[in-house]
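These notes are about the structure you will find just below.
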Amino acid sequence: MEIYTPVEGRTQRPAWLRYGAAILLVVLASALTAASRQWLMPTPLALYYGVVVLAVWYGGLGPGLTSIGLSLFAIAFWVFQPIPVWALGWSELSRLVTFAVVSLLITGLSASRDRAEAEMRASERRFRTMLETANEGVWLIDRDARTQYLNDRMAALLGATPERITANSVLDFVFPEDTSAAREWIDANLAGRSEELDFRFRRVDGEEVLVVAGTSPVRDDAGRVVGALGLFTDVTARRRAEAALRLLDEAGRALASSLDYEETLQRVAWLAVPVLADWCVVDLLEEGGVVSRVALAHADPGHAELAAGLLAHSPSASIAGPEEQVIRTGASLFLETVTDELIRAAAQSAEHLEFLRSVGVVSAIVVPLSAGGMVHGAMTLATTAGSNRHFDKDDLVLAEQLGRRSAVAIQNARLYRDAHAAEARYRGLFEGTKDGIIVFEPDGKCVDVNPAMIEMVGYDRAELVGFPATLVACGGPWSGEEAERLRREGLWRGDFELRRKNGSMLAVESSITSVPLPTGPVYVGVLRDISERRRFEQLQEEFLSALAHDLMNPLTTVRGQTQLQRRRIARGEPLDEGRLNAALESIDTASLRMSRLVDELADVMRLRAGSEIDLHRESFDLVALARRTADEHSRATERHQIEVISEVETLIGFWDGPRLERVLGNLLGNAIKYSPEGGEITIRIAREGNGDAEVAVLSVRDCGVGIPQADLSLIFERFRRAGNVESFAGSGIGLAGAKRIVELHGGTISVTSTEGQGSTFTVRLPTAVEVQR
């Protein structure tokens, strides 16, 4: 309600009315004076004083001065005697002067008062303009918290008209949970204290408005507190922007704190609640197009069971729900108001529909987790009836920023995981291969080595990395034409030697390749130990030499007997049947020996080619075979006594007789060879078990050089011999072949030995048919 002062009233009256009133007042005063002159002597001037006062009050300074001038004329004409004589005595003149002076004083005082009122009104107008145009809300309340005044800005903050707010208390615009805090600062003001605080009001539409408040007590003229005045600055947008920046900052730190993106996404979901939303759900697109729900957060602790139910319902590709739509299109979905129809469309089942309805979604935003040109999933944010908050476009922008940051973290984590897996695969290949690998720079400095390389040379890794490769490499593409060819062609293959830490040399074959890297090319060399291969080649040569030697002896016998008989025939000597039979028997024995050597060589070649030996089984007597083989070897030596001891007269089995004879011949031959001083060689035959479990046991024992304990596990390998028989001729394949023949019969061969005292080889063979695969 506007209040107008007399000054404002006068200034709003027209001039003719104000001056006319002054003239009329003078006329009335003169008429009354003339009428009362006969009763009042001398005539009083009080009416004219009243005219001046009324004229000044009603018309202002101009009409007041006009009334003074007219009153002086009227007094001189109507009051002083005789009428109309203008001869004034000192008494009349003094009264007239006194009236003029007093009237001017009254007019002056009235004018001063009018100017003061005008200035006060102008100041009030300026103050009111400041209040109405201020960016802060101004709210004046009494001691009962009832509104006495508020400006338009305050009304706009609360979303209501000033009239509606005036009819309510401050507490009607406060959230229930903030009521006690509001009462505290109102009581503090009424107690005479000023307060500065951050607060929030509840608008008429239910939304919150955040303010910075400065409140102070209002006192009357007696100094009593009669109310409180508050200045409120709307900081909702600023606080939300700060909260958004804080959310993005905290989310960024959470996403960068771990490469376990499922764990960090759960932390981000809890950061988004309740700052941005009441519910936050994160779904990820996994390999194979499967969408899995990996994170969920909610503002109400009482919704834990409901959250568990929602967590179990991942989006389905068969139902075009909001998450599936966003993942498929890569575009955000903004639902300012969520209707029951939208909820039904998103439900996967009746149970899921009940869960969604129980949440009570009011507004929702679904944003894609997009990074690197790919959509990695979707983040769903929702508000509920509990907060009754509706998302706006600013919330959508913030959600999209949060989604992009989360997606970048997911992409980085997946890239790191893939890179780590690739590195693990490379490191597994690099460190797990049996070949030595050395990585070196163009200047020959070693960059990396694998464990196989370290084992080859005997150095620690720290002793190789950073040092020239020539520390261990002798020969190869490290200088000269070979180095130039490697730099030119980027590839080098060949053999060279490695110098071990103990000074020994190791032959290797290598393949060295140039590999371009962002930091420059490096060379990767794959080195294979060929010392065994060279030893094998050497043993092959020795084997062939021994084979040639072994074949030469029976060939010499055949040739010698043949030439002897031819010379006798040439000389015409009569045939001596005994001598002829002896010669033919020698030839037959020699040819049989050559046949066995050829068969042994054939078996070796089959095994080396990866083929298996074919057995030709038939019923065979092991005792007879042993005696025959012993007799043959007894004729070849004079320093050894070969004895056959059998617990049975016969021991029949279903075996490949010629190959078993070769096995026994190999064992006897070794016994003779490795007993250079001669001595006894004992062959024992026995039967163990009954029926299908019957086993023939054959052992050969000598008193020779024996076998070192460290070599017992190696002598049955091809081309491997005991370390104490290097001075004896041999190929190292006889025992390997014998072992395989025994195994193909379903049997076993073993050895016990004491170096310097002799060895015992034991063969166990099942007598029944048993095929070994």
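Following the order of the structure tokens, first chain is A, next is B, and so on, with residues numbered from 1 inside each chain and ligands from 1 in the order they appear.
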### Message
At a cut-off of 8 Å, using only C-alpha atoms, what residues contact A:Gly321? Leave out same-chain residues fewer than 3 positions from it and give the result as a list in words.
### Response
Pro315, Ser316, Glu324, Gln325, Ala345, Ala346 and Ala347 of chain A
Let's have the selection written as a PDB file, in the first residue's frame, with N, CA, C and O atoms.
ATOM      1  N   PRO A 315      19.948 -55.237 -19.184  1.00  0.00           N
ATOM      2  CA  PRO A 315      19.177 -54.956 -20.407  1.00  0.00           C
ATOM      3  C   PRO A 315      19.221 -56.130 -21.367  1.00  0.00           C
ATOM      4  O   PRO A 315      20.223 -56.819 -21.503  1.00  0.00           O
ATOM      5  N   SER A 316      18.107 -56.349 -22.049  1.00  0.00           N
ATOM      6  CA  SER A 316      17.990 -57.451 -23.004  1.00  0.00           C
ATOM      7  C   SER A 316      17.982 -56.908 -24.417  1.00  0.00           C
ATOM      8  O   SER A 316      17.321 -55.903 -24.713  1.00  0.00           O
ATOM      9  N   GLU A 324      19.243 -50.292 -24.203  1.00  0.00           N
ATOM     10  CA  GLU A 324      19.563 -50.934 -25.475  1.00  0.00           C
ATOM     11  C   GLU A 324      19.507 -49.924 -26.608  1.00  0.00           C
ATOM     12  O   GLU A 324      20.345 -49.933 -27.509  1.00  0.00           O
ATOM     13  N   GLN A 325      18.533 -49.018 -26.556  1.00  0.00           N
ATOM     14  CA  GLN A 325      18.400 -47.999 -27.604  1.00  0.00           C
ATOM     15  C   GLN A 325      19.611 -47.069 -27.624  1.00  0.00           C
ATOM     16  O   GLN A 325      20.160 -46.768 -28.697  1.00  0.00           O
ATOM     17  N   ALA A 345       7.029 -50.091 -21.232  1.00  0.00           N
ATOM     18  CA  ALA A 345       7.791 -50.421 -22.444  1.00  0.00           C
ATOM     19  C   ALA A 345       9.198 -50.892 -22.119  1.00  0.00           C
ATOM     20  O   ALA A 345       9.779 -51.699 -22.862  1.00  0.00           O
ATOM     21  N   ALA A 346       9.768 -50.407 -21.000  1.00  0.00           N
ATOM     22  CA  ALA A 346      11.142 -50.774 -20.645  1.00  0.00           C
ATOM     23  C   ALA A 346      11.216 -52.072 -19.855  1.00  0.00           C
ATOM     24  O   ALA A 346      12.301 -52.652 -19.724  1.00  0.00           O
ATOM     25  N   ALA A 347      10.087 -52.546 -19.333  1.00  0.00           N
ATOM     26  CA  ALA A 347      10.095 -53.739 -18.485  1.00  0.00           C
ATOM     27  C   ALA A 347      10.332 -54.990 -19.311  1.00  0.00           C
ATOM     28  O   ALA A 347       9.793 -55.146 -20.411  1.00  0.00           O
TER      29      ALA A 347
END
### Message
Please identify the alpha helix (DSSP H) residues within stretch 590-691 of chain A (assignment by DSSP from backbone atoms) and present them as a PyMOL selection string.
### Response
chain A and resi 590-608+622-635+657-673
### Query
Any idea what the distance is between atom CA of A:Ala308 and atom CA of A:Gln348?
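Going from atom CA of A:Ala308 over to atom CA of A:Gln348 covers 15.9 Å.
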#### Entry: Polymer residues at most 7 Å from A:Glu618, only C-alpha atoms, same-chain spacing of 5 or more positions, as a ChimeraX atom specification
/A:654-656
Could those residues be written to a file, using C-alpha atoms, as a JSON list (two decimals), in the first residue's frame?
[["chain", "number", "residue", "atom", "x", "y", "z"],
["A", 654, "PHE", "CA", 55.20, -115.28, -28.41],
["A", 655, "TRP", "CA", 58.05, -113.03, -29.50],
["A", 656, "ASP", "CA", 60.00, -111.70, -32.47]]
### Message
At a cut-off of 10 Å, using only C-alpha atoms, what residues contact A:Asp300? Leave out same-chain residues fewer than 2 positions from it and give the result as a list in words.
### Response
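That gives Val273, Pro274, Asp278, Trp279, Ala297, His298, Gly302, His303, Ala304 and Gly386 of chain A.
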Could you write out that same residue set with C-alpha atoms as a CSV table (one decimal), in the first residue's frame?
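So the final result, stored in result31.csv, reads:
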chain,number,residue,atom,x,y,z
A,273,VAL,CA,24.0,-40.1,-6.1
A,274,PRO,CA,22.5,-37.9,-4.7
A,278,ASP,CA,18.6,-40.5,-6.9
A,279,TRP,CA,19.5,-43.7,-8.8
A,297,ALA,CA,23.8,-46.8,-6.6
A,298,HIS,CA,20.7,-45.4,-4.8
A,302,GLY,CA,16.0,-48.6,2.5
A,303,HIS,CA,16.1,-49.6,-1.2
A,304,ALA,CA,18.9,-52.2,-0.8
A,386,GLY,CA,11.3,-38.8,-2.9
### Query
Please, which residues of stretch 75-264 of chain A, numbered as in this document, come out strand (DSSP E or B) from DSSP, as an MDAnalysis selection string?
chainID A and resid 137:142 146:150 169 195:202 208:219 225:234
### Task
Considering only C-alpha atoms, return as a list in words whatever protein or nucleic-acid residues lie within 7 Å of A:Asp529, sequence-local ones (same chain, fewer than 6 positions apart) excluded.
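After dropping sequence-adjacent residues, the list is Ala507, Val508 and Glu509 of chain A.
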### Query
Distance atom CA of A:Pro301-atom CA of A:Phe391, one decimal place?
22.1 Å
### Task
Using only C-alpha atoms, determine which residues lie at most 9 Å from A:Phe430, disregarding the query and same-chain residues fewer than 4 positions distant; provide the list as number ranges by chain.
A: 425-426, 436-437, 449-451
### Query
Hey, can you check how far atom CA of A:Ala34 sits from atom CA of A:Trp90?
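Distance between the two atoms: 22.0 Å.
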### Message
List as a ChimeraX atom specification the protein and nucleic acid residues near A:Ile642, meaning an atom at most 10 Å away when only C-alpha atoms are counted, but skip any in the same chain fewer than 4 places from it.
### Response
/A:627,630-631,633-634,637,668,671-672,679-683,700-702
Could the residues in this selection be saved with C-alpha atoms as a PDB file, in the first residue's frame?
ATOM      1  CA  ARG A 627      72.348-120.675 -25.336  1.00  0.00           C
ATOM      2  CA  ALA A 630      76.120-117.356 -25.873  1.00  0.00           C
ATOM      3  CA  ASP A 631      77.853-119.995 -27.999  1.00  0.00           C
ATOM      4  CA  HIS A 633      79.883-114.904 -28.675  1.00  0.00           C
ATOM      5  CA  SER A 634      82.036-117.476 -26.857  1.00  0.00           C
ATOM      6  CA  THR A 637      86.466-114.292 -27.335  1.00  0.00           C
ATOM      7  CA  LEU A 668      76.507-109.729 -24.542  1.00  0.00           C
ATOM      8  CA  ALA A 671      79.509-107.071 -21.670  1.00  0.00           C
ATOM      9  CA  ILE A 672      82.471-108.400 -23.634  1.00  0.00           C
ATOM     10  CA  GLY A 679      86.144-112.490 -16.762  1.00  0.00           C
ATOM     11  CA  GLU A 680      82.820-114.174 -16.246  1.00  0.00           C
ATOM     12  CA  ILE A 681      79.647-113.131 -18.003  1.00  0.00           C
ATOM     13  CA  THR A 682      76.479-114.718 -16.638  1.00  0.00           C
ATOM     14  CA  ILE A 683      73.147-115.036 -18.424  1.00  0.00           C
ATOM     15  CA  VAL A 700      73.187-110.347 -18.302  1.00  0.00           C
ATOM     16  CA  ARG A 701      75.855-109.645 -15.683  1.00  0.00           C
ATOM     17  CA  ASP A 702      79.505-108.717 -16.302  1.00  0.00           C
TER      18      ASP A 702
END
